[in-house]
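Below: protein.pdb (PDB, C-alpha atoms and all ligand atoms)
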```
ATOM      1  CA  MET A   1     -10.063  15.230  -3.506
ATOM      2  CA  ASN A   2     -11.709  12.068  -2.359
ATOM      3  CA  LYS A   3     -12.237  12.727   1.334
ATOM      4  CA  SER A   4     -13.377   9.225   2.137
ATOM      5  CA  ARG A   5      -9.831   7.996   1.473
ATOM      6  CA  ILE A   6      -8.351  10.013   4.317
ATOM      7  CA  PRO A   7      -9.751   8.173   7.310
ATOM      8  CA  VAL A   8      -9.246   4.778   5.671
ATOM      9  CA  ALA A   9      -5.510   5.255   5.079
ATOM     10  CA  GLN A  10      -5.122   6.838   8.490
ATOM     11  CA  LYS A  11      -6.894   3.983  10.142
ATOM     12  CA  GLU A  12      -4.727   1.401   8.398
ATOM     13  CA  VAL A  13      -1.424   3.056   9.266
ATOM     14  CA  LEU A  14      -2.436   3.845  12.843
ATOM     15  CA  SER A  15      -3.835   0.328  13.297
ATOM     16  CA  LEU A  16      -0.540  -1.157  12.189
ATOM     17  CA  LEU A  17       1.241   0.859  14.892
ATOM     18  CA  LEU A  18      -1.465   0.285  17.525
ATOM     19  CA  ASP A  19      -1.362  -3.477  16.952
ATOM     20  CA  ASP A  20       2.392  -3.434  17.574
ATOM     21  CA  HIS A  21       1.866  -1.460  20.800
ATOM     22  CA  LYS A  22      -0.740  -3.907  22.027
ATOM     23  CA  ARG A  23       1.436  -6.877  21.211
ATOM     24  CA  ALA A  24       4.483  -5.394  22.980
ATOM     25  CA  LYS A  25       2.434  -4.690  26.111
ATOM     26  CA  GLN A  26       1.174  -8.276  26.094
ATOM     27  CA  LEU A  27       4.704  -9.655  25.708
ATOM     28  CA  PHE A  28       5.928  -7.626  28.695
ATOM     29  CA  LYS A  29       3.018  -9.054  30.730
ATOM     30  CA  ASP A  30       3.910 -12.556  29.580
ATOM     31  CA  PHE A  31       7.505 -11.926  30.628
ATOM     32  CA  GLU A  32       6.373 -10.938  34.128
ATOM     33  CA  SER A  33       4.415 -14.119  34.588
ATOM     34  CA  ALA A  34       6.968 -16.444  32.958
ATOM     35  CA  LYS A  35       8.476 -18.909  35.397
ATOM     36  CA  ASP A  36      11.601 -20.333  33.800
ATOM     37  CA  SER A  37      14.558 -18.561  32.256
ATOM     38  CA  ALA A  38      14.223 -20.217  28.847
ATOM     39  CA  THR A  39      10.685 -18.853  28.476
ATOM     40  CA  LYS A  40      11.792 -15.450  29.741
ATOM     41  CA  GLU A  41      14.644 -15.325  27.255
ATOM     42  CA  GLU A  42      12.373 -16.294  24.388
ATOM     43  CA  ILE A  43       9.776 -13.637  25.257
ATOM     44  CA  ALA A  44      12.415 -10.947  25.848
ATOM     45  CA  HIS A  45      14.098 -11.774  22.554
ATOM     46  CA  THR A  46      10.769 -11.582  20.705
ATOM     47  CA  VAL A  47       9.781  -8.252  22.226
ATOM     48  CA  CYS A  48      13.235  -6.778  21.518
ATOM     49  CA  ILE A  49      13.137  -7.773  17.845
ATOM     50  CA  GLU A  50       9.560  -6.585  17.412
ATOM     51  CA  LEU A  51      10.376  -3.249  19.034
ATOM     52  CA  GLN A  52      13.412  -2.860  16.791
ATOM     53  CA  ILE A  53      11.144  -3.301  13.790
ATOM     54  CA  HIS A  54       8.478  -0.980  15.183
ATOM     55  CA  THR A  55      10.880   1.859  16.062
ATOM     56  CA  GLU A  56      12.467   1.579  12.620
ATOM     57  CA  LEU A  57       9.068   1.869  10.897
ATOM     58  CA  GLU A  58       8.324   4.991  12.886
ATOM     59  CA  GLU A  59      11.758   6.531  12.474
ATOM     60  CA  GLN A  60      12.138   5.841   8.779
ATOM     61  CA  HIS A  61       8.587   6.647   7.695
ATOM     62  CA  PHE A  62       6.003   7.813  10.212
ATOM     63  CA  TYR A  63       7.956  10.420  12.194
ATOM     64  CA  PRO A  64       9.756  12.176   9.305
ATOM     65  CA  PHE A  65       6.525  12.271   7.303
ATOM     66  CA  LEU A  66       4.619  13.971  10.147
ATOM     67  CA  ARG A  67       7.455  16.411  10.742
ATOM     68  CA  GLN A  68       7.457  17.324   7.084
ATOM     69  CA  GLN A  69       3.659  17.685   6.962
ATOM     70  CA  ASP A  70       3.400  19.952   9.993
ATOM     71  CA  PRO A  71       6.621  20.803  11.853
ATOM     72  CA  GLU A  72       4.777  23.273  14.095
ATOM     73  CA  THR A  73       2.380  20.673  15.480
ATOM     74  CA  PHE A  74       4.639  17.632  15.548
ATOM     75  CA  GLY A  75       8.189  18.935  16.045
ATOM     76  CA  ASP A  76       8.389  18.856  19.860
ATOM     77  CA  LEU A  77       6.474  15.598  20.217
ATOM     78  CA  LEU A  78       8.725  13.931  17.652
ATOM     79  CA  ASP A  79      11.909  15.223  19.282
ATOM     80  CA  GLU A  80      10.765  13.629  22.538
ATOM     81  CA  ALA A  81       9.813  10.435  20.755
ATOM     82  CA  LYS A  82      13.263  10.234  19.199
ATOM     83  CA  VAL A  83      14.975  10.545  22.588
ATOM     84  CA  GLU A  84      12.638   7.915  24.051
ATOM     85  CA  HIS A  85      13.390   5.560  21.163
ATOM     86  CA  ALA A  86      17.122   6.050  21.749
ATOM     87  CA  SER A  87      16.781   5.020  25.411
ATOM     88  CA  ALA A  88      14.672   2.018  24.473
ATOM     89  CA  LYS A  89      17.117   0.956  21.771
ATOM     90  CA  SER A  90      20.029   1.067  24.155
ATOM     91  CA  LEU A  91      18.161  -1.164  26.636
ATOM     92  CA  ILE A  92      17.190  -3.510  23.799
ATOM     93  CA  GLU A  93      20.837  -3.897  22.817
ATOM     94  CA  GLN A  94      21.795  -4.600  26.413
ATOM     95  CA  ILE A  95      19.076  -7.231  26.774
ATOM     96  CA  LEU A  96      20.026  -8.972  23.531
ATOM     97  CA  ALA A  97      23.630  -9.163  24.762
ATOM     98  CA  MET A  98      22.634 -10.544  28.201
ATOM     99  CA  LYS A  99      21.820 -14.024  29.419
ATOM    100  CA  PRO A 100      18.629 -14.582  31.441
ATOM    101  CA  ASP A 101      20.616 -15.587  34.524
ATOM    102  CA  ASP A 102      22.485 -12.263  34.545
ATOM    103  CA  ASP A 103      21.735 -10.341  37.754
ATOM    104  CA  LEU A 104      20.051  -7.410  36.021
ATOM    105  CA  TYR A 105      18.290  -9.298  33.237
ATOM    106  CA  ASP A 106      14.762  -9.148  34.695
ATOM    107  CA  ALA A 107      15.246  -5.568  35.876
ATOM    108  CA  THR A 108      16.445  -4.445  32.447
ATOM    109  CA  VAL A 109      13.469  -6.040  30.696
ATOM    110  CA  THR A 110      11.116  -4.528  33.287
ATOM    111  CA  VAL A 111      12.586  -1.044  32.826
ATOM    112  CA  LEU A 112      12.303  -1.404  29.040
ATOM    113  CA  GLY A 113       8.637  -2.332  29.557
ATOM    114  CA  GLU A 114       8.122   0.806  31.650
ATOM    115  CA  TYR A 115       9.808   3.038  29.065
ATOM    116  CA  VAL A 116       7.764   1.497  26.281
ATOM    117  CA  SER A 117       4.535   1.866  28.196
ATOM    118  CA  HIS A 118       5.255   5.571  28.834
ATOM    119  CA  HIS A 119       6.220   6.169  25.202
ATOM    120  CA  VAL A 120       3.219   4.293  23.808
ATOM    121  CA  LYS A 121       0.917   6.320  26.053
ATOM    122  CA  GLU A 122       2.323   9.553  24.614
ATOM    123  CA  GLU A 123       1.935   8.323  21.067
ATOM    124  CA  GLU A 124      -1.609   7.122  21.633
ATOM    125  CA  GLU A 125      -2.796  10.048  23.738
ATOM    126  CA  GLU A 126      -0.913  12.956  22.157
ATOM    127  CA  LEU A 127       0.618  12.138  18.779
ATOM    128  CA  PHE A 128      -2.059   9.994  17.125
ATOM    129  CA  PRO A 129      -4.959  12.287  18.166
ATOM    130  CA  GLN A 130      -3.120  15.192  16.485
ATOM    131  CA  VAL A 131      -2.696  13.116  13.322
ATOM    132  CA  ILE A 132      -6.449  12.499  13.365
ATOM    133  CA  SER A 133      -7.523  16.043  14.193
ATOM    134  CA  LYS A 134      -5.142  17.574  11.631
ATOM    135  CA  LYS A 135      -6.495  15.097   9.046
ATOM    136  CA  ILE A 136      -3.005  14.045   7.964
ATOM    137  CA  GLU A 137      -3.209  11.892   4.826
ATOM    138  CA  LEU A 138      -1.108   8.792   5.514
ATOM    139  CA  ARG A 139      -1.866   6.874   2.335
ATOM    140  CA  GLU A 140       1.631   7.079   0.875
ATOM    141  CA  LEU A 141       3.132   5.580   4.056
ATOM    142  CA  LEU A 142       1.184   2.364   4.036
ATOM    143  CA  ASP A 143       3.036   0.405   1.346
ATOM    144  CA  PRO A 144       6.581   1.441   2.322
ATOM    145  CA  MET A 145       5.853   0.696   5.989
ATOM    146  CA  MET A 146       4.451  -2.746   5.256
ATOM    147  CA  ALA A 147       7.360  -3.489   2.923
ATOM    148  CA  LEU A 148       9.946  -2.457   5.509
ATOM    149  CA  LYS A 149       8.185  -4.505   8.167
ATOM    150  CA  GLU A 150       8.246  -7.595   6.000
ATOM    151  CA  GLN A 151      11.849  -7.067   4.999
ATOM    152  CA  MET A 152      12.974  -6.596   8.615
ATOM    153  CA  GLN A 153      10.959  -9.612   9.755
ATOM    154  CA  GLU A 154      12.724 -11.763   7.188
ATOM    155  CA  ARG A 155      16.087 -10.475   8.338
ATOM    156  CA  LEU A 156      15.513 -10.538  12.110
ATOM    157  CA  GLU A 157      12.967 -13.337  12.572
ATOM    158  CA  PRO A 158      14.009 -15.855   9.921
ATOM    159  CA  ALA A 159      12.343 -18.748  11.784
ATOM    160  CA  ALA A 160       8.975 -16.995  11.888
ATOM    161  CA  ALA A 161       9.056 -15.783   8.280
TER     162      ALA A 161
HETATM  163 FE    FE B 201       4.891   3.372  18.427
HETATM  164 FE    FE B 202       7.506   5.312  18.929
END
```
Here is a file; write its structure as structure tokens.
Ligand SMILES: [Fe+2]
Ligand SMILES: [Fe+2]
Amino acid sequence: MNKSRIPVAQKEVLSLLLDDHKRAKQLFKDFESAKDSATKEEIAHTVCIELQIHTELEEQHFYPFLRQQDPETFGDLLDEAKVEHASAKSLIEQILAMKPDDDLYDATVTVLGEYVSHHVKEEEEELFPQVISKKIELRELLDPMMALKEQMQERLEPAAA
């Protein structure tokens, strides 16, 4: 077995997810400081779409793979993650159906930001360190995750593609 491949593939897959986390956090900050409703709507729409893509990557590839590799270590963490994703997804759907002048628009985006920040913290401080310490080989996830990301971007962000 070529051991040097393990950290490289891990780093690439985890970096892909970490970059998404960083970007989402930045977008929520931008939303907070945005002044007009058109800008707010644009930022909220972007963060919702990007989170839809990110949660799908994790749910279709990353989470089931980890569960299969080591159900003992990852089972409880992944159950929690799934419930947290479900709450986030329901808020995302609400936001996408709202208009920025709706009474609860800002509050709903803010609460989504708080949920995401809590969830990201758990992934980065509990889940990812376990992936690293258990030396989980993530190589086979890289291509399917990038392909799904691209495919979802084309479908959900046609202007940016
Ligand atoms: Fe994540
Ligand atoms: Fe997640």
Run the PyMOL selection byres (((not hetatm)) within 8 of (chain B and resi 201)) against the file shown and list the residues it catches, as a PyMOL selection string.
chain A and resi 17-18+20-21+54-55+58+119-120+123
Measuring atom to atom with only C-alpha atoms, identify which of A:Ile53, A:Leu142, A:Leu96, A:Leu91 is nearest to Thr108 in chain A.
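The answer is A:Leu91, which sits nearest to Thr108 in chain A.
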If the limit is 10 Å from any atom of ligand FE 202 (chain B), counting only C-alpha atoms and all ligand atoms, which residues qualify? Return them as JSON, numbers by chain.
{"A": [17, 21, 51, 54, 55, 56, 57, 58, 59, 62, 63, 78, 80, 81, 82, 83, 84, 85, 88, 116, 119, 120, 121, 122, 123, 124, 127]}
Selected residue of minimal separation from Pro129 in chain A among A:Phe31, A:Glu157, A:Cys48, A:Thr73, counting all atoms listed in the file:
A:Thr73
Minimum-distance residue to Glu12 in chain A, chosen among A:Ile43, A:Ala147, A:Met152, A:Leu138 (using all atoms listed in the file):
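Closest to Glu12 in chain A of all the choices is A:Leu138.
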Choose the residue, out of A:Leu77, A:Val109, A:Val8, A:Met146, that has the smallest atom-to-atom separation from Lys40 in chain A; count all atoms listed in the file.
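Of A:Leu77, A:Val109, A:Val8, A:Met146, the one nearest Lys40 in chain A is A:Val109, counting all atoms listed in the file.
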All heavy atoms restored at range 93-104 of chain A, emitted as a CSV table (one decimal), in the frame of the given file:
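The file below, part.csv, is the result:
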```csv
chain,number,residue,atom,x,y,z
A,93,GLU,N,19.5,-3.3,23.1
A,93,GLU,CA,20.8,-3.9,22.8
A,93,GLU,C,21.5,-4.6,24.0
A,93,GLU,O,22.1,-5.7,23.9
A,93,GLU,CB,21.8,-2.8,22.3
A,93,GLU,CG,21.6,-2.7,20.8
A,93,GLU,CD,22.3,-1.4,20.3
A,93,GLU,OE1,23.4,-1.0,20.8
A,93,GLU,OE2,21.8,-0.8,19.3
A,94,GLN,N,21.3,-4.0,25.2
A,94,GLN,CA,21.8,-4.6,26.4
A,94,GLN,C,21.1,-6.0,26.7
A,94,GLN,O,21.8,-6.9,27.0
A,94,GLN,CB,21.5,-3.7,27.6
A,94,GLN,CG,22.4,-2.4,27.7
A,94,GLN,CD,21.9,-1.6,28.9
A,94,GLN,OE1,21.8,-2.1,30.0
A,94,GLN,NE2,21.8,-0.3,28.6
A,95,ILE,N,19.8,-6.0,26.5
A,95,ILE,CA,19.1,-7.2,26.8
A,95,ILE,C,19.5,-8.3,25.8
A,95,ILE,O,19.7,-9.5,26.2
A,95,ILE,CB,17.5,-7.0,26.7
A,95,ILE,CG1,17.1,-6.1,27.8
A,95,ILE,CG2,16.8,-8.3,26.7
A,95,ILE,CD1,15.7,-5.5,27.6
A,96,LEU,N,19.6,-8.0,24.5
A,96,LEU,CA,20.0,-9.0,23.5
A,96,LEU,C,21.4,-9.5,23.8
A,96,LEU,O,21.8,-10.6,23.4
A,96,LEU,CB,19.9,-8.4,22.1
A,96,LEU,CG,18.5,-8.1,21.6
A,96,LEU,CD1,18.5,-7.4,20.3
A,96,LEU,CD2,17.6,-9.4,21.6
A,97,ALA,N,22.3,-8.7,24.5
A,97,ALA,CA,23.6,-9.2,24.8
A,97,ALA,C,23.7,-9.9,26.1
A,97,ALA,O,24.8,-10.5,26.4
A,97,ALA,CB,24.6,-8.0,24.8
A,98,MET,N,22.6,-9.9,26.9
A,98,MET,CA,22.6,-10.5,28.2
A,98,MET,C,22.1,-12.0,28.1
A,98,MET,O,21.5,-12.4,27.2
A,98,MET,CB,21.7,-9.8,29.1
A,98,MET,CG,22.2,-8.5,29.7
A,98,MET,SD,20.9,-7.5,30.5
A,98,MET,CE,21.5,-7.4,32.1
A,99,LYS,N,22.4,-12.7,29.2
A,99,LYS,CA,21.8,-14.0,29.4
A,99,LYS,C,20.8,-13.9,30.5
A,99,LYS,O,20.9,-13.1,31.4
A,99,LYS,CB,22.9,-15.0,29.9
A,99,LYS,CG,23.8,-15.4,28.7
A,99,LYS,CD,23.2,-16.6,28.0
A,99,LYS,CE,23.6,-16.5,26.5
A,99,LYS,NZ,22.5,-16.6,25.6
A,100,PRO,N,19.7,-14.8,30.5
A,100,PRO,CA,18.6,-14.6,31.4
A,100,PRO,C,19.1,-14.8,32.9
A,100,PRO,O,18.3,-14.4,33.8
A,100,PRO,CB,17.6,-15.6,31.0
A,100,PRO,CG,18.3,-16.5,30.1
A,100,PRO,CD,19.4,-15.8,29.5
A,101,ASP,N,20.2,-15.4,33.1
A,101,ASP,CA,20.6,-15.6,34.5
A,101,ASP,C,21.5,-14.4,35.0
A,101,ASP,O,22.0,-14.4,36.1
A,101,ASP,CB,21.3,-17.0,34.8
A,101,ASP,CG,22.4,-17.3,33.8
A,101,ASP,OD1,22.7,-16.4,32.9
A,101,ASP,OD2,23.0,-18.3,33.9
A,102,ASP,N,21.8,-13.5,34.1
A,102,ASP,CA,22.5,-12.3,34.5
A,102,ASP,C,21.7,-11.6,35.6
A,102,ASP,O,20.4,-11.5,35.6
A,102,ASP,CB,22.7,-11.3,33.4
A,102,ASP,CG,23.8,-11.7,32.4
A,102,ASP,OD1,24.4,-12.8,32.7
A,102,ASP,OD2,23.9,-11.1,31.3
A,103,ASP,N,22.4,-11.0,36.6
A,103,ASP,CA,21.7,-10.3,37.8
A,103,ASP,C,20.7,-9.3,37.3
A,103,ASP,O,19.6,-9.3,37.9
A,103,ASP,CB,22.8,-9.6,38.6
A,103,ASP,CG,23.5,-10.6,39.5
A,103,ASP,OD1,23.1,-11.8,39.6
A,103,ASP,OD2,24.6,-10.2,40.1
A,104,LEU,N,21.0,-8.5,36.3
A,104,LEU,CA,20.1,-7.4,36.0
A,104,LEU,C,19.1,-7.7,34.8
A,104,LEU,O,18.5,-6.8,34.3
A,104,LEU,CB,20.9,-6.1,35.8
A,104,LEU,CG,21.6,-5.6,37.0
A,104,LEU,CD1,22.4,-4.3,36.7
A,104,LEU,CD2,20.6,-5.3,38.2
```
